[in-house]
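This is data_26.cif. It holds mmCIF, C-alpha atoms.
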data_work
#
loop_
_atom_site.group_PDB
_atom_site.id
_atom_site.type_symbol
_atom_site.label_atom_id
_atom_site.label_comp_id
_atom_site.auth_asym_id
_atom_site.auth_seq_id
_atom_site.Cartn_x
_atom_site.Cartn_y
_atom_site.Cartn_z
ATOM 1 C CA MET E 1 131.576 88.692 162.262
ATOM 2 C CA LYS E 2 132.420 86.087 164.881
ATOM 3 C CA THR E 3 133.689 83.735 162.126
ATOM 4 C CA LYS E 4 135.861 86.525 160.711
ATOM 5 C CA ILE E 5 137.426 87.189 164.099
ATOM 6 C CA LEU E 6 138.041 83.465 164.546
ATOM 7 C CA ILE E 7 139.727 83.221 161.117
ATOM 8 C CA VAL E 8 141.971 86.203 161.899
ATOM 9 C CA LEU E 9 142.826 84.722 165.295
ATOM 10 C CA PHE E 10 143.631 81.364 163.700
ATOM 11 C CA PHE E 11 145.977 82.952 161.134
ATOM 12 C CA THR E 12 147.705 85.080 163.761
ATOM 13 C CA LEU E 13 148.266 82.034 165.946
ATOM 14 C CA ALA E 14 149.404 79.882 163.020
ATOM 15 C CA THR E 15 151.853 82.536 161.827
ATOM 16 C CA SER E 16 153.351 83.059 165.281
ATOM 17 C CA VAL E 17 153.751 79.310 165.825
ATOM 18 C CA PHE E 18 155.421 78.991 162.408
ATOM 19 C CA ALA E 19 157.720 81.945 163.124
ATOM 20 C CA ASP E 20 158.651 80.458 166.492
ATOM 21 C CA ASN E 21 159.408 77.072 164.909
ATOM 22 C CA THR E 22 161.549 78.669 162.208
ATOM 23 C CA PHE E 23 163.552 80.471 164.879
ATOM 24 C CA THR E 24 164.005 77.295 166.917
ATOM 25 C CA ILE E 25 165.044 75.248 163.877
ATOM 26 C CA GLN E 26 167.579 77.914 162.821
ATOM 27 C CA SER E 27 169.185 78.259 166.241
ATOM 28 C CA GLN E 28 169.284 74.486 166.695
ATOM 29 C CA SER E 29 171.075 74.011 163.376
ATOM 30 C CA ASP E 30 173.937 76.343 164.344
ATOM 31 C CA PRO E 31 176.703 74.362 166.065
ATOM 32 C CA TRP E 32 177.411 77.126 168.610
ATOM 33 C CA THR E 33 175.710 78.747 171.566
ATOM 34 C CA PRO E 34 175.240 82.517 171.993
ATOM 35 C CA GLN E 35 177.883 82.332 174.748
ATOM 36 C CA GLN E 36 180.393 80.986 172.210
ATOM 37 C CA LEU E 37 180.181 84.145 170.104
ATOM 38 C CA LEU E 38 183.125 86.440 170.809
ATOM 39 C CA ALA E 39 182.740 90.195 170.254
ATOM 40 C CA PRO E 40 185.450 91.642 167.950
ATOM 41 C CA ALA E 41 186.102 94.470 170.439
ATOM 42 C CA ASP E 42 186.887 91.911 173.166
ATOM 43 C CA LEU E 43 189.357 90.011 170.957
ATOM 44 C CA ALA E 44 190.985 93.289 169.816
ATOM 45 C CA LYS E 45 191.448 94.294 173.476
ATOM 46 C CA VAL E 46 193.198 90.980 174.238
ATOM 47 C CA LEU E 47 195.442 91.234 171.141
ATOM 48 C CA ASP E 48 196.440 94.768 172.126
ATOM 49 C CA ASN E 49 197.477 93.627 175.593
ATOM 50 C CA PRO E 50 200.381 91.120 175.523
ATOM 51 C CA LYS E 51 199.964 90.588 179.308
ATOM 52 C CA GLU E 52 196.596 88.906 178.644
ATOM 53 C CA PRO E 53 196.648 85.172 177.826
ATOM 54 C CA GLN E 54 196.536 85.023 174.016
ATOM 55 C CA PRO E 55 194.131 82.644 172.261
ATOM 56 C CA VAL E 56 195.100 80.458 169.293
ATOM 57 C CA ILE E 57 193.279 82.063 166.356
ATOM 58 C CA PHE E 58 192.436 80.146 163.183
ATOM 59 C CA SER E 59 191.414 81.900 159.967
ATOM 60 C CA ILE E 60 189.002 79.576 158.184
ATOM 61 C CA GLY E 61 188.139 82.116 155.487
ATOM 62 C CA LEU E 62 189.697 83.221 152.218
ATOM 63 C CA GLN E 63 192.617 85.059 153.760
ATOM 64 C CA ALA E 64 194.050 85.593 157.262
ATOM 65 C CA ILE E 65 193.274 89.184 158.285
ATOM 66 C CA ILE E 66 193.534 89.205 162.083
ATOM 67 C CA LYS E 67 196.912 89.676 163.747
ATOM 68 C CA GLY E 68 198.515 86.420 164.838
ATOM 69 C CA SER E 69 195.934 84.193 163.164
ATOM 70 C CA ILE E 70 196.872 80.889 161.541
ATOM 71 C CA ASP E 71 195.760 80.764 157.887
ATOM 72 C CA ILE E 72 193.907 77.477 157.352
ATOM 73 C CA GLY E 73 191.753 78.585 154.404
ATOM 74 C CA PRO E 74 188.099 77.896 153.545
ATOM 75 C CA MET E 75 186.642 74.642 154.903
ATOM 76 C CA THR E 76 187.246 72.340 151.931
ATOM 77 C CA PRO E 77 187.732 68.678 152.972
ATOM 78 C CA LYS E 78 191.513 69.176 152.649
ATOM 79 C CA ASN E 79 191.586 72.341 154.801
ATOM 80 C CA LEU E 80 189.191 70.821 157.335
ATOM 81 C CA ASN E 81 191.685 67.987 157.685
ATOM 82 C CA THR E 82 194.539 70.489 158.133
ATOM 83 C CA LEU E 83 192.526 72.195 160.894
ATOM 84 C CA LYS E 84 191.923 68.809 162.519
ATOM 85 C CA GLU E 85 195.653 68.058 162.458
ATOM 86 C CA GLN E 86 196.535 71.462 163.948
ATOM 87 C CA LEU E 87 193.889 71.097 166.646
ATOM 88 C CA GLY E 88 195.148 67.595 167.435
ATOM 89 C CA LYS E 89 198.404 69.137 168.699
ATOM 90 C CA LEU E 90 196.618 71.373 171.227
ATOM 91 C CA PRO E 91 195.475 70.552 174.787
ATOM 92 C CA MET E 92 191.678 70.319 175.138
ATOM 93 C CA HIS E 93 191.417 73.408 177.352
ATOM 94 C CA THR E 94 193.306 75.709 174.915
ATOM 95 C CA GLN E 95 191.636 79.047 174.292
ATOM 96 C CA ILE E 96 190.681 78.869 170.598
ATOM 97 C CA VAL E 97 189.052 81.453 168.331
ATOM 98 C CA VAL E 98 187.915 80.784 164.757
ATOM 99 C CA TYR E 99 186.761 83.354 162.221
ATOM 100 C CA CYS E 100 185.836 83.619 158.555
ATOM 101 C CA GLY E 101 184.193 86.991 157.850
ATOM 102 C CA CYS E 102 183.529 86.544 154.139
ATOM 103 C CA CYS E 103 179.851 87.273 154.683
ATOM 104 C CA PRO E 104 177.072 87.011 157.283
ATOM 105 C CA PHE E 105 176.864 83.614 159.087
ATOM 106 C CA SER E 106 173.690 82.779 157.111
ATOM 107 C CA ASN E 107 175.704 82.783 153.840
ATOM 108 C CA CYS E 108 179.037 81.524 155.198
ATOM 109 C CA PRO E 109 180.009 77.973 154.203
ATOM 110 C CA ASN E 110 182.981 77.848 156.601
ATOM 111 C CA VAL E 111 181.938 78.629 160.171
ATOM 112 C CA ARG E 112 179.660 75.616 160.687
ATOM 113 C CA PRO E 113 182.118 72.833 159.679
ATOM 114 C CA ALA E 114 184.846 74.390 161.872
ATOM 115 C CA MET E 115 182.631 74.824 164.949
ATOM 116 C CA LYS E 116 181.255 71.305 164.482
ATOM 117 C CA LEU E 117 184.794 69.906 164.386
ATOM 118 C CA LEU E 118 185.758 71.747 167.600
ATOM 119 C CA LYS E 119 182.677 70.330 169.310
ATOM 120 C CA GLU E 120 183.372 66.795 168.044
ATOM 121 C CA MET E 121 186.978 67.014 169.246
ATOM 122 C CA GLN E 122 185.602 67.996 172.670
ATOM 123 C CA PHE E 123 187.499 71.241 173.111
ATOM 124 C CA THR E 124 186.299 73.083 176.191
ATOM 125 C CA ASN E 125 187.210 76.715 175.495
ATOM 126 C CA TYR E 126 186.541 77.693 171.879
ATOM 127 C CA LYS E 127 184.756 80.667 170.396
ATOM 128 C CA LEU E 128 183.505 81.942 167.059
ATOM 129 C CA LEU E 129 184.363 85.555 166.317
ATOM 130 C CA ASN E 130 181.093 87.392 165.865
ATOM 131 C CA LEU E 131 181.432 89.216 162.535
ATOM 132 C CA PRO E 132 177.766 89.939 161.672
ATOM 133 C CA LYS E 133 178.492 91.576 158.275
ATOM 134 C CA ASN E 134 182.042 90.650 157.326
ATOM 135 C CA VAL E 135 185.662 91.010 158.388
ATOM 136 C CA LYS E 136 185.949 94.360 156.593
ATOM 137 C CA VAL E 137 183.058 96.136 158.296
ATOM 138 C CA ASP E 138 183.420 94.440 161.683
ATOM 139 C CA TRP E 139 187.218 94.290 161.979
ATOM 140 C CA ILE E 140 189.240 96.197 159.319
ATOM 141 C CA ASP E 141 187.058 99.340 159.368
ATOM 142 C CA LYS E 142 187.237 99.444 163.181
ATOM 143 C CA GLY E 143 191.039 99.681 163.020
ATOM 144 C CA TYR E 144 191.579 96.456 165.003
ATOM 145 C CA PRO E 145 194.994 94.737 164.709
ATOM 146 C CA MET E 146 195.706 92.999 161.406
ATOM 147 C CA VAL E 147 198.391 90.709 160.008
ATOM 148 C CA GLU E 148 201.248 92.672 158.477
ATOM 149 C CA MET D 1 169.436 148.355 141.063
ATOM 150 C CA LYS D 2 172.446 147.576 143.252
ATOM 151 C CA THR D 3 170.364 145.107 145.240
ATOM 152 C CA PHE D 4 169.243 143.438 141.996
ATOM 153 C CA ILE D 5 172.838 143.026 140.747
ATOM 154 C CA LEU D 6 173.867 141.579 144.098
ATOM 155 C CA PHE D 7 170.909 139.191 143.948
ATOM 156 C CA VAL D 8 171.830 137.983 140.436
ATOM 157 C CA ALA D 9 175.487 137.607 141.451
ATOM 158 C CA ALA D 10 174.472 135.546 144.473
ATOM 159 C CA LEU D 11 172.287 133.326 142.283
ATOM 160 C CA LEU D 12 175.100 132.765 139.770
ATOM 161 C CA PHE D 13 177.584 131.983 142.565
ATOM 162 C CA GLY D 14 175.142 129.563 144.151
ATOM 163 C CA SER D 15 174.484 127.679 140.930
ATOM 164 C CA THR D 16 178.222 127.420 140.186
ATOM 165 C CA ILE D 17 178.855 125.978 143.648
ATOM 166 C CA SER D 18 176.026 123.450 143.261
ATOM 167 C CA THR D 19 177.303 122.379 139.834
ATOM 168 C CA LEU D 20 180.768 121.915 141.281
ATOM 169 C CA SER D 21 179.495 119.867 144.212
ATOM 170 C CA ALA D 22 177.350 117.695 141.922
ATOM 171 C CA GLN D 23 180.481 116.749 140.013
ATOM 172 C CA SER D 24 182.648 116.235 143.046
ATOM 173 C CA THR D 25 183.924 112.704 143.614
ATOM 174 C CA GLY D 26 181.844 110.736 146.079
ATOM 175 C CA LEU D 27 179.472 107.857 146.546
ATOM 176 C CA ASP D 28 176.128 109.655 146.449
ATOM 177 C CA ILE D 29 173.852 109.734 143.430
ATOM 178 C CA GLY D 30 174.974 112.706 141.329
ATOM 179 C CA ASN D 31 178.604 112.437 142.479
ATOM 180 C CA LYS D 32 181.438 111.475 140.154
ATOM 181 C CA SER D 33 182.378 107.869 140.930
ATOM 182 C CA PRO D 34 185.921 107.397 142.282
ATOM 183 C CA GLU D 35 188.447 106.121 139.742
ATOM 184 C CA ILE D 36 189.302 102.411 139.786
ATOM 185 C CA ILE D 37 192.549 101.205 138.210
ATOM 186 C CA LEU D 38 193.094 97.482 138.726
ATOM 187 C CA PRO D 39 194.718 94.499 136.982
ATOM 188 C CA THR D 40 192.776 92.388 134.477
ATOM 189 C CA LEU D 41 193.170 88.605 134.191
ATOM 190 C CA LYS D 42 195.967 89.135 131.669
ATOM 191 C CA GLY D 43 197.861 91.274 134.176
ATOM 192 C CA ASP D 44 197.608 94.656 132.432
ATOM 193 C CA THR D 45 195.758 97.400 134.292
ATOM 194 C CA LEU D 46 192.459 98.908 133.251
ATOM 195 C CA ALA D 47 190.876 102.180 134.371
ATOM 196 C CA LEU D 48 187.160 102.683 134.940
ATOM 197 C CA SER D 49 187.550 106.089 133.260
ATOM 198 C CA SER D 50 188.555 104.332 130.008
ATOM 199 C CA LEU D 51 184.842 103.490 129.576
ATOM 200 C CA LYS D 52 183.907 107.165 129.269
ATOM 201 C CA GLY D 53 180.931 107.637 126.964
ATOM 202 C CA LYS D 54 179.266 104.316 127.904
ATOM 203 C CA LEU D 55 176.623 103.484 130.460
ATOM 204 C CA VAL D 56 178.532 101.359 132.992
ATOM 205 C CA LEU D 57 177.526 99.001 135.775
ATOM 206 C CA ILE D 58 180.333 98.598 138.322
ATOM 207 C CA ASP D 59 179.686 95.142 139.786
ATOM 208 C CA PHE D 60 181.530 94.284 143.007
ATOM 209 C CA TRP D 61 181.494 90.514 143.457
ATOM 210 C CA ALA D 62 183.581 87.430 144.319
ATOM 211 C CA THR D 63 183.495 83.729 143.545
ATOM 212 C CA TRP D 64 183.120 83.012 147.299
ATOM 213 C CA CYS D 65 179.924 85.103 147.467
ATOM 214 C CA SER D 66 176.955 82.864 146.685
ATOM 215 C CA PRO D 67 174.400 85.676 146.036
ATOM 216 C CA CYS D 68 176.944 87.216 143.597
ATOM 217 C CA ILE D 69 177.265 83.926 141.720
ATOM 218 C CA ALA D 70 173.508 83.614 141.520
ATOM 219 C CA GLU D 71 173.329 87.076 139.935
ATOM 220 C CA GLN D 72 175.907 86.483 137.172
ATOM 221 C CA SER D 73 173.422 84.950 134.718
ATOM 222 C CA GLU D 74 171.160 88.020 135.089
ATOM 223 C CA LEU D 75 174.132 90.277 134.432
ATOM 224 C CA ALA D 76 174.992 88.223 131.339
ATOM 225 C CA ALA D 77 171.439 88.743 130.040
ATOM 226 C CA LEU D 78 171.610 92.509 130.655
ATOM 227 C CA HIS D 79 175.004 92.696 128.975
ATOM 228 C CA ARG D 80 173.719 90.860 125.904
ATOM 229 C CA LYS D 81 170.567 92.967 125.697
ATOM 230 C CA TYR D 82 172.035 96.455 126.176
ATOM 231 C CA LYS D 83 175.679 96.145 125.021
ATOM 232 C CA GLN D 84 175.007 97.862 121.689
ATOM 233 C CA ALA D 85 172.064 100.019 122.826
ATOM 234 C CA SER D 86 171.851 103.757 122.235
ATOM 235 C CA PHE D 87 171.129 105.730 125.378
ATOM 236 C CA THR D 88 170.154 109.379 125.711
ATOM 237 C CA ASN D 89 173.718 110.431 126.511
ATOM 238 C CA GLU D 90 175.713 107.238 126.027
ATOM 239 C CA LYS D 91 176.564 104.810 123.270
ATOM 240 C CA GLY D 92 176.594 101.218 124.560
ATOM 241 C CA PHE D 93 176.464 99.494 127.943
ATOM 242 C CA GLU D 94 179.364 97.818 129.716
ATOM 243 C CA ILE D 95 179.864 95.931 132.976
ATOM 244 C CA PHE D 96 183.030 96.635 134.972
ATOM 245 C CA GLY D 97 183.341 93.586 137.236
ATOM 246 C CA VAL D 98 185.506 94.162 140.308
ATOM 247 C CA SER D 99 186.252 90.911 142.112
ATOM 248 C CA LEU D 100 187.168 90.736 145.801
ATOM 249 C CA ASP D 101 188.615 87.272 145.332
ATOM 250 C CA ALA D 102 191.789 86.225 147.103
ATOM 251 C CA LYS D 103 193.070 83.598 144.660
ATOM 252 C CA LYS D 104 193.614 84.123 140.955
ATOM 253 C CA SER D 105 192.793 80.491 140.140
ATOM 254 C CA ASN D 106 189.277 80.754 141.670
ATOM 255 C CA TRP D 107 188.622 84.020 139.845
ATOM 256 C CA GLU D 108 189.986 82.818 136.487
ATOM 257 C CA ASN D 109 188.303 79.400 136.592
ATOM 258 C CA PHE D 110 184.888 80.905 137.289
ATOM 259 C CA ILE D 111 185.178 83.461 134.484
ATOM 260 C CA THR D 112 186.322 80.810 131.996
ATOM 261 C CA ALA D 113 183.754 78.187 133.036
ATOM 262 C CA ASN D 114 180.882 80.681 132.868
ATOM 263 C CA LYS D 115 182.125 82.385 129.674
ATOM 264 C CA ILE D 116 181.918 85.843 131.263
ATOM 265 C CA ASN D 117 182.745 88.235 128.460
ATOM 266 C CA TRP D 118 182.596 91.619 130.170
ATOM 267 C CA ILE D 119 185.452 93.479 131.824
ATOM 268 C CA GLN D 120 186.910 91.862 134.932
ATOM 269 C CA VAL D 121 189.505 93.398 137.250
ATOM 270 C CA SER D 122 190.874 92.471 140.681
ATOM 271 C CA ASP D 123 193.873 93.076 142.914
ATOM 272 C CA LEU D 124 193.073 89.735 144.633
ATOM 273 C CA LYS D 125 193.257 91.411 148.042
ATOM 274 C CA TYR D 126 189.892 90.123 149.285
ATOM 275 C CA TRP D 127 188.373 92.452 151.915
ATOM 276 C CA ARG D 128 191.705 94.300 152.220
ATOM 277 C CA SER D 129 191.425 95.673 148.686
ATOM 278 C CA PRO D 130 191.702 99.480 148.765
ATOM 279 C CA VAL D 131 188.727 99.647 146.359
ATOM 280 C CA ALA D 132 186.472 98.109 149.077
ATOM 281 C CA LYS D 133 187.434 101.032 151.310
ATOM 282 C CA THR D 134 187.138 103.687 148.582
ATOM 283 C CA TYR D 135 183.643 102.494 147.684
ATOM 284 C CA SER D 136 182.734 101.933 151.354
ATOM 285 C CA ILE D 137 181.464 98.441 150.555
ATOM 286 C CA GLN D 138 179.442 96.951 153.397
ATOM 287 C CA GLY D 139 178.733 93.585 151.767
ATOM 288 C CA LEU D 140 178.556 91.718 148.467
ATOM 289 C CA PRO D 141 177.016 91.876 145.933
ATOM 290 C CA PHE D 142 177.171 95.643 145.530
ATOM 291 C CA ASN D 143 176.896 97.677 142.347
ATOM 292 C CA ILE D 144 176.844 101.211 141.012
ATOM 293 C CA LEU D 145 175.396 102.434 137.717
ATOM 294 C CA ILE D 146 177.269 105.368 136.189
ATOM 295 C CA ASP D 147 176.627 107.499 133.118
ATOM 296 C CA GLY D 148 179.051 108.297 130.300
ATOM 297 C CA LYS D 149 180.699 110.985 132.404
ATOM 298 C CA GLY D 150 181.143 108.725 135.413
ATOM 299 C CA ILE D 151 178.289 110.310 137.380
ATOM 300 C CA ILE D 152 176.472 107.924 139.743
ATOM 301 C CA LEU D 153 172.899 107.259 138.560
ATOM 302 C CA ALA D 154 171.901 104.445 140.921
ATOM 303 C CA LYS D 155 173.309 102.269 143.682
ATOM 304 C CA ASN D 156 172.886 98.618 144.602
ATOM 305 C CA LEU D 157 169.914 97.777 142.400
ATOM 306 C CA HIS D 158 169.238 94.152 141.518
ATOM 307 C CA GLY D 159 166.803 92.153 139.380
ATOM 308 C CA SER D 160 164.045 94.121 137.627
ATOM 309 C CA GLU D 161 164.962 97.343 139.486
ATOM 310 C CA LEU D 162 168.413 97.226 137.894
ATOM 311 C CA GLU D 163 167.060 96.585 134.418
ATOM 312 C CA ASN D 164 164.503 99.404 134.813
ATOM 313 C CA ALA D 165 167.290 101.815 135.788
ATOM 314 C CA ILE D 166 169.243 100.862 132.635
ATOM 315 C CA ALA D 167 166.137 101.017 130.418
ATOM 316 C CA ARG D 168 165.293 104.514 131.728
ATOM 317 C CA GLN D 169 168.507 105.783 130.112
ATOM 318 C CA LEU D 170 167.543 104.456 126.645
ATOM 319 C CA LEU D 171 167.246 106.943 123.819
ATOM 320 C CA LYS D 172 163.557 107.788 123.367
ATOM 321 C CA LYS D 173 162.591 107.212 119.742
#
Spell out the structure here as structure tokens.
Amino acid sequence: MKTKILIVLFFTLATSVFADNTFTIQSQSDPWTPQQLLAPADLAKVLDNPKEPQPVIFSIGLQAIIKGSIDIGPMTPKNLNTLKEQLGKLPMHTQIVVYCGCCPFSNCPNVRPAMKLLKEMQFTNYKLLNLPKNVKVDWIDKGYPMVE
Amino acid sequence: MKTFILFVAALLFGSTISTLSAQSTGLDIGNKSPEIILPTLKGDTLALSSLKGKLVLIDFWATWCSPCIAEQSELAALHRKYKQASFTNEKGFEIFGVSLDAKKSNWENFITANKINWIQVSDLKYWRSPVAKTYSIQGLPFNILIDGKGIILAKNLHGSELENAIARQLLKK
């Protein structure tokens, strides 16, 4: 009986350690902090109020959807270079927002290269728009401002 | 007697209403699937309703969606296996691929390279496509299985669950 309890305890401990490690590895691999995730509602509020300082918004997905965003396109080497060139013209403290929204971050090939570039270029005020499902569910369906 | 007649009338009225609601357009199982009329690769338009009489899988996908790409070979196998099959109420199986791509070249190149030989339509409007709104799509891949009258039989099934749903409609010999 004692052996059984010990085995169960061992497995429980092993599983929880593994789960914890997985979580740590995943969060470490993402080139952004939780504080760098911008809620869509907060961006929509800013876009709806011209008196607020407006961020420079880059679309790094298939198509620019959000009002005022600059359409860079998916993060192919060519488009990544275009983004680098555009960013090179901006002061380091510029308020920058990037978004893709094709799919959840776990499946998105675009958000990581863009956030990594912003970090490498040492920008101080950049955010990733938090679109947990996609730009349709988390932006279009909410009626937030779109490009014409 | 009067009570009996009233009772029968109420029953008849009730069943008519339920039949009507079962055939009303919607996204629930038992509803009639909303019509889709979109351009094909050649540029002419094709209507979902033109496939009346066949068992149809409406497959919402895009070349930028990696789980969708991974599923295409399974869809090809299903298409091959059931294309000519006789079902209880339908003759043949067809896939109606609706792409949420944004660029025609991506869409066309993938179809050509992978020799996809089932129906493909797209307005190339990405997540802004009206069909994404009509079908209340929350993410890709997403699919709907409809019968020969356009009635929804199943929603968002993949792998063996999808094949089982198709096989259940086969004509019992």
Within 12 Å of (197.5, 85.4, 132.0) in the file's own coordinates, which protein, DNA or RNA residues have an atom, counting only C-alpha atoms? List them as a compact mmCIF listing (two decimals) with C-alpha atoms, in the coordinates of the input.
# COMPACT_ATOMS: atom_id res chain seq x y z
CA PRO D 39 194.72 94.50 136.98
CA THR D 40 192.78 92.39 134.48
CA LEU D 41 193.17 88.60 134.19
CA LYS D 42 195.97 89.14 131.67
CA GLY D 43 197.86 91.27 134.18
CA ASP D 44 197.61 94.66 132.43
CA LYS D 104 193.61 84.12 140.96
CA SER D 105 192.79 80.49 140.14
CA TRP D 107 188.62 84.02 139.84
CA GLU D 108 189.99 82.82 136.49
CA ASN D 109 188.30 79.40 136.59
List as a tab-separated table every residue of chain E that is in contact with chain D, defined as an atom at most 8 Å from one of its atoms (using all atoms listed in the file), together with the nearest atom pair and the distance in Å rounded to one decimal, sorted by chain and then rising number.
residue	atom	partner	partner_atom	distance
E:Leu62	CA	D:Ala102	CA	6.3
E:Gln63	CA	D:Ala102	CA	6.8
E:Cys102	CA	D:Trp64	CA	7.7
E:Cys103	CA	D:Gly139	CA	7.0
E:Asn107	CA	D:Ser66	CA	7.3
E:Lys133	CA	D:Gly139	CA	6.8
E:Asn134	CA	D:Gly139	CA	7.1
E:Val135	CA	D:Trp127	CA	7.2
E:Lys136	CA	D:Trp127	CA	5.6
E:Val137	CA	D:Gln138	CA	6.1
E:Ile140	CA	D:Arg128	CA	7.8
(request) Evaluate the PyMOL selection byres ((chain D and resi 118) around 12) here and jot the selected residues down as a list in words. (result) Thr40, Leu41, Val56, Leu57, Ile58, Asp59, Gln72, Leu75, Ala76, Ala77, Leu78, His79, Arg80, Lys83, Phe93, Glu94, Ile95, Phe96, Gly97, Val98, Ile111, Thr112, Asn114, Lys115, Ile116, Asn117, Ile119, Gln120 and Val121 of chain D
(request) Identify all residues satisfying the PyMOL selection byres ((chain E and resi 27-41) around 12) in the given file; provide them as a VMD selection string. (result) chain E and resid 20 to 26 42 to 48 55 57 66 95 to 99 101 105 to 106 108 to 120 124 to 145
(message) I'd like the interatomic distance between CA of Glu52 in chain E and CA of Val147 in chain E, to a tenth of an Å.
(response)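 Rounded to one decimal, the two atoms are 18.8 Å apart.
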(request) Using all atoms listed in the file, determine which residues lie at most 12 Å from Asp71 in chain E, disregarding the query and same-chain residues fewer than 3 positions distant; provide the list as an MDAnalysis selection string. (result) chainID E and resid 56:68 74:75 79:80 82:83 86 98:100 147
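Using all atoms listed in the file, the protein and nucleic acid residues lying no more than 9 Å from Thr63 in chain D, apart from those fewer than 6 places from it along its own chain, are Ile69, Ser99, Leu100, Asp101, Asn106, Trp107 and Phe110 of chain D.
In this structure, CA of Glu90 in chain D sits 5.3 Å away from CA of Gly53 in chain D.
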(request) For Leu171 in chain D, work out the shell of residues within 9 Å, counting all atoms listed in the file and skipping chain neighbours fewer than 6 positions away, then give it as a PyMOL selection string. (result) chain D and resi 85-90
(request) Please indicate the distance in Å from CA of Thr45 in chain D to CA of Gln169 in chain D, rounded to one decimal place. (result)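 Those two atoms sit 28.8 Å apart.
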Let me know the centre plus edge lengths, in Å and rounded to one decimal, of a box with edges along x, y and z that contains all listed atoms of range 89-97 of chain D and is padded by 6 Å on every side, as JSON.
{"center_x": 178.5, "center_y": 102.0, "center_z": 130.3, "size_x": 21.6, "size_y": 28.8, "size_z": 26.0}
(message) Using the chain letters and numbers from this file, what does the PyMOL selection byres ((chain D and resi 27) around 9) select? Give the answer as a list in words.
(response)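 Selected by the PyMOL selection byres ((chain D and resi 27) around 9) here: Thr25, Gly26, Asp28, Ile29, Gly30, Asn31, Lys32, Ser33, Pro34, Thr134, Tyr135, Ser136, Ile152 and Lys155 of chain D.
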(request) Check the smallest atom-to-atom distance from each of D:Ala47, D:Ile166, D:Gly159, D:Gly92 to Glu74 in chain D using only C-alpha atoms, then report the winner. (result) D:Gly159
